[in-house]
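A.B. asks: Below: one structure in structure tokens.
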Protein chains: 2
Amino acid sequence: MRAMVMTAYGAPEVLQFREMPEPVLRDDDVLIEVHATAMNPIDYKVRAKPYGGPRDLPCILGFDVSGVIRALGRNARHLKVGDSVFASPSLARNGADAELVAVDWRTVAHTPRTLDHVNAAALPLAVLTAWESLHKRAGIHPGQTVLIHAGAGGVGHLAVQLAKLHGCRVITTAGMPETIDLCRELGADVVINHTKEDFVKRVSEETATAGCPVVFDTVGGEVFDRSLECVGLNGRIVTIVYNESAKIVPLLFRKNATLHCEFMGVPTVYGVNPESQGEILRTVAELVDAGRLAPHVGKVMELKDLPQAHREQETGRTIGKTVVRVKG
Amino acid sequence: MRAMVMTAYGAPEVLQFREMPEPVLRDDDVLIEVHATAMNPIDYKVRAKPYGGPRDLPCILGFDVSGVIRALGRNARHLKVGDSVFASPSLARNGADAELVAVDWRTVAHTPRTLDHVNAAALPLAVLTAWESLHKRAGIHPGQTVLIHAGAGGVGHLAVQLAKLHGCRVITTAGMPETIDLCRELGADVVINHTKEDFVKRVSEETATAGCPVVFDTVGGEVFDRSLECVGLNGRIVTIVYNESAKIVPLLFRKNATLHCEFMGVPTVYGVNPESQGEILRTVAELVDAGRLAPHVGKVMELKDLPQAHREQETGRTIGKTVVRVKG
């Protein structure tokens, strides 16, 4: 099969078109003909250097897929050849920057019938991250004020919608006119232009100095450190970005607060409760088909332009999701 | 009233006997004649330097009490003058190193009928810390393996018992023959002599390399950092000791794990859900009277010897609780 292959660690040019053997199906796998995949920060992090352990090279990145089932492993009886499905392929195996990808059937759901593959591919990794962060980790409740960073980002734009669907008041951050507009369209109650305003101060004002019961950091670095100040008494902060902050306990301790490190790869990398991700994606598909949740595709690119897609993702200035069309 | 008063920040000698005005009762208070109080690390931390903000001096420390109600605030109708009660006085007000202390009635419970005041005073702060850490934060389940550091310590010896009562398998650490014996008597399944054995390596062996779903750090410092390595996939670590570790996210991130900072002072210092602590102490009293939970009083001292009690607590080598007798 044809694939964009990571031939070495390094700059985006290490991604090259190659002929690769088809994936070997495991008993729990379905073989999916990839119609579209999507970009995530994990792609450029894994490409640049060994991240969370080295990989056997050459390998294939791309951890979103929407496509059509072409073959079933022995245990994948509940699905049929020809079904349209979407999923987030395991971060520890070859991904979907290719004509075919093998995915654990338990992590797969039927593609929402109201979305084409390009739009459906925008969802899996980002929506699983947002759902697990808000529902499984932070445990958001209706009426709570939730701070979600980068509300127009790949994870952020879905998190804003999920929190609003759940009846939360959403404070979010953005820095460009288009992203500020998008956050408003998604229903955010307060949009802070972080290039013009100190978000810590504004969150304090918006919460009568109480801080937020839930903070969701999708940015990391200094934003993470400063977000610790936005957490209220008994509050929770979820981060999806690696950091080496020494301020966590100093800023959370007297607030009796909690830090959740969210890594959506655990079910697929370690095989712990993989069916949980299929369940989430089925619920997501229902919400999408009911018109209550929608991915925002900021840009569609072709598989041959994957190096450029990596470059753009790495700027941190992409809006919503960048989808990579693989077929058609 | 007579009290051992903290006259300045500094060495234990800043604690001096003084005549002090009786506490002014607030509407939610009960006035308790102190029969006994107990030592906690917070006492010497607050005495040594401003910790969590400066205090008005002179002030009174001592954040455990068992004694008899002498007066009721306007809202404290459910209790009676003459009732024997135990509680953890607010960390933000004058404590129980005195003949009288004022305590929010909602945080108070009747002293277990099977304990005298000396033994009852050993419980409140430590058992609230252990209970909140294991049940409210970590959410322990029967069958789980729980690592509890310093299983013979003031908080640890109660945490070991609570975890065993809940059907957990308990791994604990201790470093002296008496403390190792105490941990065994309390029912710990595995007692690691941390002076002779690397606890990280032993925990890995005891859990078939999976690590623990719940780790409770009552020690801090290097023990905290190394405990991060003992947390399993989707696991939780609770700490009750301030730290400035930069290893939290590096060691928890890929495990999708959670850090809970437990500060039992929130309900009384900030007035957030103070009744939760009365509820826990009522349940604790039932467990004690049923013979299923017991404080371990390692030493009883007199109020006049409070400076020495501080010195001993600060060594970190006291066993169970040091109780300070105030009356009788």
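To be explicit about the labels: the chains of the structure tokens are called A, B, and onward in the order shown, and within each one the residues are counted from 1, while ligands get numbers from 1 in the order they are shown.
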Might you pull out every residue within 8 Å of Gly154 in chain B, with only C-alpha atoms counted and same-chain residues fewer than 3 positions away left off, and present them as an NGL selection string?
C.D. replies: :B and (40 or 126 or 157-158 or 319-321)
A.B. asks: Residues of chain A near chain B: apply a cut-off of 6 Å, count only C-alpha atoms, and supply the list as a PyMOL selection string.
C.D. replies: chain A and resi 243-246+249+253-254+256-263
A.B. asks: Could the residues in this selection be written to a file with N, CA and C atoms, as a PDB file, in the first residue's frame?
C.D. replies:
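Result file out_35.pdb:
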```pdb
ATOM      1  N   ASN A 243       4.681  18.830  30.938  1.00  0.00           N
ATOM      2  CA  ASN A 243       5.407  19.979  31.484  1.00  0.00           C
ATOM      3  C   ASN A 243       6.318  19.511  32.611  1.00  0.00           C
ATOM      4  N   GLU A 244       7.203  20.374  33.014  1.00  0.00           N
ATOM      5  CA  GLU A 244       8.084  20.081  34.154  1.00  0.00           C
ATOM      6  C   GLU A 244       7.919  21.148  35.216  1.00  0.00           C
ATOM      7  N   SER A 245       6.707  21.599  35.398  1.00  0.00           N
ATOM      8  CA  SER A 245       6.417  22.663  36.354  1.00  0.00           C
ATOM      9  C   SER A 245       6.719  22.239  37.785  1.00  0.00           C
ATOM     10  N   ALA A 246       7.324  23.169  38.525  1.00  0.00           N
ATOM     11  CA  ALA A 246       7.554  22.953  39.957  1.00  0.00           C
ATOM     12  C   ALA A 246       6.532  23.720  40.788  1.00  0.00           C
ATOM     13  N   VAL A 249       2.238  21.740  43.237  1.00  0.00           N
ATOM     14  CA  VAL A 249       1.804  21.634  44.633  1.00  0.00           C
ATOM     15  C   VAL A 249       1.777  23.009  45.309  1.00  0.00           C
ATOM     16  N   PHE A 253      -1.908  23.163  46.669  1.00  0.00           N
ATOM     17  CA  PHE A 253      -1.969  22.464  47.955  1.00  0.00           C
ATOM     18  C   PHE A 253      -3.032  23.030  48.889  1.00  0.00           C
ATOM     19  N   ARG A 254      -2.953  24.312  49.165  1.00  0.00           N
ATOM     20  CA  ARG A 254      -3.893  24.879  50.127  1.00  0.00           C
ATOM     21  C   ARG A 254      -5.306  24.990  49.575  1.00  0.00           C
ATOM     22  N   ASN A 256      -6.663  22.345  48.244  1.00  0.00           N
ATOM     23  CA  ASN A 256      -7.187  20.977  48.276  1.00  0.00           C
ATOM     24  C   ASN A 256      -7.573  20.539  46.865  1.00  0.00           C
ATOM     25  N   ALA A 257      -6.732  20.881  45.900  1.00  0.00           N
ATOM     26  CA  ALA A 257      -7.088  20.715  44.487  1.00  0.00           C
ATOM     27  C   ALA A 257      -6.407  19.496  43.864  1.00  0.00           C
ATOM     28  N   THR A 258      -6.801  19.203  42.643  1.00  0.00           N
ATOM     29  CA  THR A 258      -6.399  17.985  41.946  1.00  0.00           C
ATOM     30  C   THR A 258      -5.841  18.315  40.568  1.00  0.00           C
ATOM     31  N   LEU A 259      -4.774  17.603  40.196  1.00  0.00           N
ATOM     32  CA  LEU A 259      -4.251  17.660  38.823  1.00  0.00           C
ATOM     33  C   LEU A 259      -4.482  16.321  38.147  1.00  0.00           C
ATOM     34  N   HIS A 260      -5.185  16.367  37.027  1.00  0.00           N
ATOM     35  CA  HIS A 260      -5.323  15.172  36.198  1.00  0.00           C
ATOM     36  C   HIS A 260      -4.432  15.315  34.975  1.00  0.00           C
ATOM     37  N   CYS A 261      -3.537  14.345  34.772  1.00  0.00           N
ATOM     38  CA  CYS A 261      -2.787  14.267  33.523  1.00  0.00           C
ATOM     39  C   CYS A 261      -3.597  13.378  32.578  1.00  0.00           C
ATOM     40  N   GLU A 262      -4.042  13.956  31.490  1.00  0.00           N
ATOM     41  CA  GLU A 262      -4.879  13.201  30.556  1.00  0.00           C
ATOM     42  C   GLU A 262      -4.041  12.724  29.379  1.00  0.00           C
ATOM     43  N   PHE A 263      -3.968  11.416  29.221  1.00  0.00           N
ATOM     44  CA  PHE A 263      -3.288  10.818  28.073  1.00  0.00           C
ATOM     45  C   PHE A 263      -4.249   9.831  27.448  1.00  0.00           C
TER      46      PHE A 263
END
```
A.B. asks: Which residue gives the smallest distance to Val284 in chain B among B:Phe199, B:Tyr44, B:Phe224, B:Phe86, with only C-alpha atoms counted?
C.D. replies: B:Phe86
A.B. asks: Which residues are close to Arg18 in chain A, i.e. within 9 Å by only C-alpha atoms, leaving aside same-chain residues fewer than 6 positions away? Reply as JSON, numbers by chain.
C.D. replies: {"A": [1, 2, 3, 4, 5]}
A.B. asks: So that I can see what lies close to Glu206 in chain A, please list as a PDB file with C-alpha atoms, in the first residue's frame the residues with an atom at most 12 Å from it, counting only C-alpha atoms and leaving out residues fewer than 3 positions away in the same chain.
C.D. replies:
```pdb
ATOM      1  CA  THR A 145     -17.740  27.556  35.391  1.00  0.00           C
ATOM      2  CA  VAL A 146     -15.102  25.811  33.281  1.00  0.00           C
ATOM      3  CA  LEU A 147     -11.971  27.495  31.927  1.00  0.00           C
ATOM      4  CA  ARG A 169     -20.564  28.230  31.881  1.00  0.00           C
ATOM      5  CA  VAL A 170     -17.502  28.315  29.635  1.00  0.00           C
ATOM      6  CA  ILE A 171     -14.642  30.790  29.837  1.00  0.00           C
ATOM      7  CA  THR A 172     -12.154  30.344  27.025  1.00  0.00           C
ATOM      8  CA  ASP A 189     -19.833  32.574  27.563  1.00  0.00           C
ATOM      9  CA  VAL A 190     -16.617  34.528  28.033  1.00  0.00           C
ATOM     10  CA  VAL A 191     -13.852  34.758  25.418  1.00  0.00           C
ATOM     11  CA  ILE A 192     -10.609  36.237  26.712  1.00  0.00           C
ATOM     12  CA  PHE A 199      -6.393  35.668  31.685  1.00  0.00           C
ATOM     13  CA  VAL A 200      -5.660  35.038  35.367  1.00  0.00           C
ATOM     14  CA  LYS A 201      -6.970  38.478  36.298  1.00  0.00           C
ATOM     15  CA  ARG A 202     -10.008  38.167  34.064  1.00  0.00           C
ATOM     16  CA  VAL A 203     -10.913  34.706  35.389  1.00  0.00           C
ATOM     17  CA  THR A 209     -12.185  35.800  42.956  1.00  0.00           C
ATOM     18  CA  ALA A 210     -13.307  32.205  43.614  1.00  0.00           C
ATOM     19  CA  GLY A 211     -11.520  30.682  40.624  1.00  0.00           C
ATOM     20  CA  CYS A 212     -12.912  27.844  38.532  1.00  0.00           C
ATOM     21  CA  CYS A 230      -7.277  29.941  38.223  1.00  0.00           C
TER      22      CYS A 230
END
```
A.B. asks: Choose the residue, out of A:Val215, A:Ile140, A:Ala152, A:Ala294, that has the smallest atom-to-atom separation from Glu178 in chain A; count only C-alpha atoms.
C.D. replies: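 For Glu178 in chain A, the nearest of the given residues is A:Ala152.
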A.B. asks: Near Arg70 in chain B, within 7 Å and counting only C-alpha atoms, which residues show up once chain neighbours fewer than 3 positions away are dropped, as a list in words?
C.D. replies: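 Returned residues: Leu31, Ile32, Glu33, Val81 and Gly82 of chain B.
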A.B. asks: What's the 12 Å shell around Leu100 in chain B, counting only C-alpha atoms, without same-chain residues fewer than 5 positions away, as a count of residues only?
C.D. replies: 33
A.B. asks: Which residues are close to Val323 in chain B, i.e. within 9 Å by only C-alpha atoms, leaving aside same-chain residues fewer than 3 positions away? Reply as a list in words.
C.D. replies: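 Contacts, with the query itself left out: Ala36, Thr37, Ala38, Met39, Val118, Asn119, Ala121, Ala122, Val297, Gly298, Lys299, Val300, Met301, Glu302 and Ala309 of chain B.
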A.B. asks: Point out the residue among A:Met6, A:Ala76, A:Cys168, A:Leu293 with the least atom-to-atom distance to Cys59 in chain A, counting only C-alpha atoms.
C.D. replies: A:Met6
A.B. asks: What's the separation between CA of Asp225 in chain B and CA of Ile42 in chain B, in Å to one decimal place?
C.D. replies: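 Straight-line distance from CA of Asp225 in chain B to CA of Ile42 in chain B works out to 21.3 Å.
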A.B. asks: Please identify which residues in range 130-239 of chain A DSSP calls alpha helix (DSSP H) from the backbone, and express them as a PyMOL selection string.
C.D. replies: chain A and resi 130-131+156-165+177-185+199-206+222-228
A.B. asks: Would you output that residue set with C-alpha atoms, as a tab-separated table (two decimals), in the first residue's frame?
C.D. replies:
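Written out: part-v8.tsv:
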```
chain	number	residue	atom	x	y	z
A	130	ALA	CA	-11.93	16.41	25.40
A	131	TRP	CA	-14.53	13.89	26.58
A	156	GLY	CA	-10.53	23.15	22.60
A	157	HIS	CA	-13.33	23.68	20.08
A	158	LEU	CA	-14.80	20.30	20.96
A	159	ALA	CA	-14.30	20.82	24.70
A	160	VAL	CA	-16.17	24.14	24.55
A	161	GLN	CA	-19.11	22.42	22.87
A	162	LEU	CA	-19.13	19.45	25.27
A	163	ALA	CA	-19.04	21.73	28.31
A	164	LYS	CA	-21.87	23.88	26.93
A	165	LEU	CA	-23.92	20.77	26.10
A	177	PRO	CA	-10.06	37.66	15.32
A	178	GLU	CA	-11.09	34.41	13.57
A	179	THR	CA	-10.50	32.27	16.64
A	180	ILE	CA	-12.31	34.71	18.92
A	181	ASP	CA	-15.27	34.64	16.53
A	182	LEU	CA	-15.21	30.84	16.41
A	183	CYS	CA	-15.24	30.60	20.21
A	184	ARG	CA	-18.30	32.84	20.32
A	185	GLU	CA	-20.05	30.77	17.63
A	199	PHE	CA	-6.39	35.67	31.69
A	200	VAL	CA	-5.66	35.04	35.37
A	201	LYS	CA	-6.97	38.48	36.30
A	202	ARG	CA	-10.01	38.17	34.06
A	203	VAL	CA	-10.91	34.71	35.39
A	204	SER	CA	-10.66	36.08	38.92
A	205	GLU	CA	-13.05	38.88	38.00
A	206	GLU	CA	-15.46	36.56	36.21
A	222	GLU	CA	3.48	29.18	31.04
A	223	VAL	CA	-0.24	28.85	30.37
A	224	PHE	CA	-0.26	25.75	32.56
A	225	ASP	CA	1.61	27.44	35.40
A	226	ARG	CA	-0.67	30.46	35.34
A	227	SER	CA	-3.75	28.28	35.03
A	228	LEU	CA	-2.92	26.76	38.41
```
A.B. asks: Return the single residue from A:Arg113, A:Val269, A:Trp105, A:Gly278 that is closest to Lys80 in chain A, with distances computed using only C-alpha atoms.
C.D. replies: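 For Lys80 in chain A, the nearest of the given residues is A:Trp105.
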